[in-house]
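Novice: Sharing a structure with you now.
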There are 2 protein chains.
Amino acid sequence: MSKRNAFYAQSGGVTAVINASAAGVIETARRHRSRIGKVYAGRNGIIGALEEDLIDTSKESAASIRALKHTPAGAFGSCRYKLKGLEESRAQYERLIEVFRAHDIGYFFYNGGNDSADTCLKVSQIAEKLGYPLTAVHVPKTVDNDLAVTDNCPGFGSVAKYVATSMREAAFDVASMAKTSTKVFVLEVMGRHAGWITAAVGMADDADTPIPLVLLFPEIPFDEAAFLAAVDAKTRAHGYCCVGVSEGLQNAEGGLMADAGSKDAFGHAQLGGVGPLIANLVKDRLGYKVHWAVADYLQRAARHIASKTDVEQSYAVGRAAVEYALAGKNAVMAAITRVSDRPYRWKITAAPLSKVANVEKMLPRDFIARDGYGITAKARAYLGPLIKGEAPPPFKDGLPRYVRLKNVPVARKLPGFKV
Amino acid sequence: MSKRNAFYAQSGGVTAVINASAAGVIETARRHRSRIGKVYAGRNGIIGALEEDLIDTSKESAASIRALKHTPAGAFGSCRYKLKGLEESRAQYERLIEVFRAHDIGYFFYNGGNDSADTCLKVSQIAEKLGYPLTAVHVPKTVDNDLAVTDNCPGFGSVAKYVATSMREAAFDVASMAKTSTKVFVLEVMGRHAGWITAAVGMADDADTPIPLVLLFPEIPFDEAAFLAAVDAKTRAHGYCCVGVSEGLQNAEGGLMADAGSKDAFGHAQLGGVGPLIANLVKDRLGYKVHWAVADYLQRAARHIASKTDVEQSYAVGRAAVEYALAGKNAVMAAITRVSDRPYRWKITAAPLSKVANVEKMLPRDFIARDGYGITAKARAYLGPLIKGEAPPPFKDGLPRYVRLKNVPVARKLPGFKV
């Protein structure tokens, strides 16, 4: 079989461990030099392919690629740019194939969430239609943990560990201060539609260190009176209360509680601000002194407190993607399959992209406590293994030492293309 | 010399390492059983003394006290309760002495910031006035780093490490997304009046990983036009920009940019919200997509990323306080003295409380870059050693394992007292 090049791109919101997947792809490709020539990365994701702005990863040292395993965010740049249907975005899809042909790219590795799974599937379809030989494999990634088929999504476990750790630490703080000062603390977390990250906040509270927690899931419409009653009851009983609220919390009419009106390039509402809103509500109605935090990017970039399980799985899906491609598996995603809970065992399997694309995996109702404000034992059994283990980055002068790649461009061969 | 008991209390906002000071006090007292009987802690700080709500720390195991070294926040509870002048709050001061007398307390260790240094001094004065033999030693603590005489304050180094780490991680995130999404990221940090924590954000940017940063110090009145120009210039040059803003940022008239109008028990304005304010300004005026985070308590509770230097110094000031008391040094603070920068060497010295109380140490102007938006080499030389070294807590099931004490009450001997 002839030797062909590979293309790798990062898509959508980045995570603390997406670069570990990149390392998995690149290191595995380097171990198969007889079959894979160079790995080109898209500068700023798929836009790099459309603009023929490719990065030659062969210019990076083995040490730099290894350092991606402990470096957060997207080393080649990511983007929020969604290719639409094959007919609607025909020019884009054809341009992709044109660029792939110009650079003899036979393997397409797309590292992202729902939207990129859909794009990956469509790219494989257009390639087939145009008679261009291409193997397209999706590498899952999303802190939202909402991809179908895979048991969990790389990136989620580290956010989960961050929010649970942060809430536990803040709870210790509030408990110390509650006598004369702050009694209610509100932490706003990510998760547009699915409450996976909100559920992870619930892990802060366990048998060793019980914490009075109230969680506000995007799946449960906000009921002001019931919420205030829950916070008041816990505050009276324990002297303080901690609230974890999803950025995607909805009102009874299904509208976002914190709708700022602005939307991102995918047409998603741009969120943020429900934390202070909930905090002010508690202050006004219950009269308790409140504090609130919005972790925003800190939560998904926090490589310093990444989950070891997450780092290992992120690397494994990158490695498996290359192995699948070499085995001729096309239009699949490298999915994580849970083999057992105790002890936790997992393996990587190839999931058909047709079963993944455009399906959003919501938090099951039986992961949420009956009153809607906590998590169940079932949720704990699911979440527990995903946050397990520490994989700290190297530190230098007191701070994590993250790598920046050289990102050397590949010479263009085609005329320009307006994205 | 007869054996007498000791009293220890935590005051004001807690930190990731104030319990390390508690461990220093208690473990050192336990090593001097011939001179110090029991160490009683005030439940919820000085209020515990006033209400005769004392905790018998001798009921805690050696392992539990050792675990305080890696447990954030105040294990005995803290409070925001300021004793005023000796005349104004005479009844409170006399009550304190009455409680001390009832429990044969000969040593008073007060662990806090400016307000508690003042209280500690006054308690020593009233004791003398009333002819009650008491040795009062202040144990410094404040994330604000604004205590006089001491080179730095226990608690600050860990917040500094947290904010610098968080900003570096967020910067990697924003850099990945900037092509099509967020271009400006704003992180609001603590620091009521002094910009020490804001300066620490500047450490995120160094020679290894340059980051386009704009810092908004409380010492530099906010100049909207100049700020927007600085952000715009950096965003144009680097594709993105990160902003670190102090909660205490002031306008040209000296008013707080984010004054919510509410005040805490010390009469300090309760802050929070300048981060989103600045982010919205950038979005509206420059049109860049923005994201913002408010770390709030997460920054001062983040024991998981504490500075090893800070943990060691926090313990050392607790230990020294007991040693000073046993040596008969009264009305002093266990201060940190910097012996040298490179290599960093420090020692603990006894500073007269009269030189510490009610003096606020501001960030020197020559720590701030000429344009007002960055830090100087002098600031870096000062801050560098304070964030150095890692001292992670033990983890269990993926999360930090923090100790909760039994906090067994001491039987009351006096009639009640209304605080």
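Scheme for the structure tokens: letters A, B, ... for chains in order shown; per-chain residue numbers from 1; ligand numbers from 1 in order shown.
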Using only C-alpha atoms, which chain B residues lie at most 6 Å away from chain A, written as a PDB file with C-alpha atoms, in the first residue's frame?
Specialist:
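Final file, result-v3.pdb:
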```
ATOM      1  CA  ALA B  73      -9.999  27.447  54.935  1.00  0.00           C
ATOM      2  CA  GLY B  74     -10.464  27.833  58.692  1.00  0.00           C
ATOM      3  CA  GLY B  77     -14.296  28.798  61.749  1.00  0.00           C
ATOM      4  CA  SER B  78     -13.328  32.399  61.226  1.00  0.00           C
ATOM      5  CA  CYS B  79     -15.313  35.590  61.439  1.00  0.00           C
ATOM      6  CA  ARG B  80     -15.572  39.109  60.209  1.00  0.00           C
ATOM      7  CA  THR B 165      -1.600  29.333  36.624  1.00  0.00           C
ATOM      8  CA  SER B 166      -5.245  29.979  35.785  1.00  0.00           C
ATOM      9  CA  GLU B 169      -4.128  28.118  31.114  1.00  0.00           C
ATOM     10  CA  ALA B 170      -6.954  30.397  29.991  1.00  0.00           C
ATOM     11  CA  PHE B 172      -3.671  28.976  25.949  1.00  0.00           C
ATOM     12  CA  ASP B 173      -7.397  28.378  25.539  1.00  0.00           C
ATOM     13  CA  SER B 176      -6.602  28.475  20.294  1.00  0.00           C
ATOM     14  CA  MET B 177     -10.045  29.969  19.790  1.00  0.00           C
ATOM     15  CA  THR B 180     -13.176  32.590  14.943  1.00  0.00           C
ATOM     16  CA  ALA B 293     -14.294  34.557  34.726  1.00  0.00           C
ATOM     17  CA  VAL B 294     -14.642  35.577  38.350  1.00  0.00           C
ATOM     18  CA  ALA B 295     -12.628  33.181  40.502  1.00  0.00           C
ATOM     19  CA  ASP B 296     -13.888  34.581  43.811  1.00  0.00           C
ATOM     20  CA  TYR B 297     -13.389  32.061  46.660  1.00  0.00           C
ATOM     21  CA  LEU B 298     -11.923  29.487  44.282  1.00  0.00           C
ATOM     22  CA  ALA B 301      -9.410  28.178  48.737  1.00  0.00           C
ATOM     23  CA  ILE B 387       4.792  30.958  44.107  1.00  0.00           C
ATOM     24  CA  LYS B 388       7.568  28.426  43.953  1.00  0.00           C
ATOM     25  CA  GLY B 389       7.204  24.753  44.702  1.00  0.00           C
ATOM     26  CA  ASP B 397     -11.107   8.888  44.571  1.00  0.00           C
ATOM     27  CA  GLY B 398      -9.880  11.684  42.344  1.00  0.00           C
ATOM     28  CA  LEU B 399     -10.441  14.549  44.765  1.00  0.00           C
TER      29      LEU B 399
END
```
Novice: Pick out the residues sitting within 10 Å of A:Ile375, and hand them over as a short mmCIF file (atom, residue, chain, number, x, y, z; two decimals) with C-alpha atoms, in the first residue's frame; count only C-alpha atoms, and ignore anything fewer than 5 positions along from it in its own chain.
Specialist:
```cif
data_model
loop_
_atom_site.label_atom_id
_atom_site.label_comp_id
_atom_site.auth_asym_id
_atom_site.auth_seq_id
_atom_site.Cartn_x
_atom_site.Cartn_y
_atom_site.Cartn_z
CA THR A 198 -23.32 20.22 36.88
CA ALA A 199 -23.61 16.61 38.03
CA ALA A 200 -19.84 16.51 38.51
CA VAL A 201 -20.10 19.39 40.98
CA GLY A 202 -22.10 16.96 43.09
CA MET A 203 -18.99 14.81 43.57
CA VAL A 214 -28.02 22.40 45.63
CA LEU A 215 -27.49 21.73 41.93
CA ARG A 365 -33.06 11.46 34.60
CA ASP A 366 -32.04 8.71 37.01
CA PHE A 367 -28.67 10.45 37.49
CA ILE A 368 -30.56 13.37 39.03
CA ALA A 369 -32.04 13.12 42.51
CA ARG A 370 -35.81 12.99 42.72
CA ARG A 380 -21.64 8.69 41.25
#
```
Novice: Based on DSSP run over this structure's backbone, return all residues of stretch 73-320 of chain A in strand (DSSP E), as a PDB file with C-alpha atoms, in the first residue's frame.
Specialist:
```pdb
ATOM      1  CA  ILE A 105      -3.787  13.375   2.192  1.00  0.00           C
ATOM      2  CA  GLY A 106      -5.262   9.928   2.572  1.00  0.00           C
ATOM      3  CA  TYR A 107      -6.236  10.113   6.257  1.00  0.00           C
ATOM      4  CA  PHE A 108      -8.515  12.677   7.853  1.00  0.00           C
ATOM      5  CA  PHE A 109      -8.568  12.873  11.657  1.00  0.00           C
ATOM      6  CA  TYR A 110     -11.094  15.312  13.031  1.00  0.00           C
ATOM      7  CA  ASN A 111     -10.954  16.011  16.771  1.00  0.00           C
ATOM      8  CA  GLY A 112     -14.117  17.524  18.149  1.00  0.00           C
ATOM      9  CA  THR A 135     -10.200   7.377   5.352  1.00  0.00           C
ATOM     10  CA  ALA A 136     -11.979   9.704   7.802  1.00  0.00           C
ATOM     11  CA  VAL A 137     -11.881   9.001  11.530  1.00  0.00           C
ATOM     12  CA  HIS A 138     -13.386  11.121  14.250  1.00  0.00           C
ATOM     13  CA  VAL A 139     -11.508  11.685  17.501  1.00  0.00           C
ATOM     14  CA  PRO A 140     -14.028  12.599  20.204  1.00  0.00           C
ATOM     15  CA  VAL A 184     -24.424  30.874  50.287  1.00  0.00           C
ATOM     16  CA  PHE A 185     -21.870  30.330  47.547  1.00  0.00           C
ATOM     17  CA  VAL A 186     -22.813  29.949  43.896  1.00  0.00           C
ATOM     18  CA  LEU A 187     -20.567  28.400  41.248  1.00  0.00           C
ATOM     19  CA  GLU A 188     -21.599  28.659  37.615  1.00  0.00           C
ATOM     20  CA  VAL A 189     -20.322  25.845  35.409  1.00  0.00           C
ATOM     21  CA  LEU A 213     -25.224  21.311  47.917  1.00  0.00           C
ATOM     22  CA  VAL A 214     -28.015  22.400  45.631  1.00  0.00           C
ATOM     23  CA  LEU A 215     -27.494  21.729  41.929  1.00  0.00           C
ATOM     24  CA  LEU A 216     -29.373  23.477  39.140  1.00  0.00           C
ATOM     25  CA  CYS A 241     -25.130  26.151  51.418  1.00  0.00           C
ATOM     26  CA  CYS A 242     -23.323  25.765  48.086  1.00  0.00           C
ATOM     27  CA  VAL A 243     -25.066  26.019  44.743  1.00  0.00           C
ATOM     28  CA  GLY A 244     -23.759  24.638  41.448  1.00  0.00           C
ATOM     29  CA  VAL A 245     -25.593  26.095  38.491  1.00  0.00           C
ATOM     30  CA  SER A 246     -25.354  25.224  34.814  1.00  0.00           C
ATOM     31  CA  VAL A 290     -23.729  35.492  49.040  1.00  0.00           C
ATOM     32  CA  HIS A 291     -20.609  35.072  46.953  1.00  0.00           C
ATOM     33  CA  TRP A 292     -20.438  33.742  43.418  1.00  0.00           C
ATOM     34  CA  ALA A 293     -17.819  32.521  40.977  1.00  0.00           C
ATOM     35  CA  VAL A 294     -17.917  31.943  37.254  1.00  0.00           C
TER      36      VAL A 294
END
```
Novice: Applying 8 Å and only C-alpha atoms, which residues near A:Val99 remain after dropping the ones on its own chain fewer than 4 positions away? List them as a list of chain:residue names.
Specialist: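 In the requested form, the answer reads A:Ala49, A:Leu50, A:Glu52, A:Arg95, A:His103, A:Leu414.
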Novice: Would you mind listing what lies within 7 Å of B:Ala252 as an NGL selection string, with only C-alpha atoms counted and same-chain residues fewer than 2 positions away left out?
Specialist: :B and (221-222 or 250 or 254)
Novice: Among stretch 184-301 of chain B, which residues carry a DSSP assignment of helix (DSSP H, G or I), reported as an MDAnalysis selection string?
Specialist: chainID B and resid 196:204 224:238 274:286 297:301
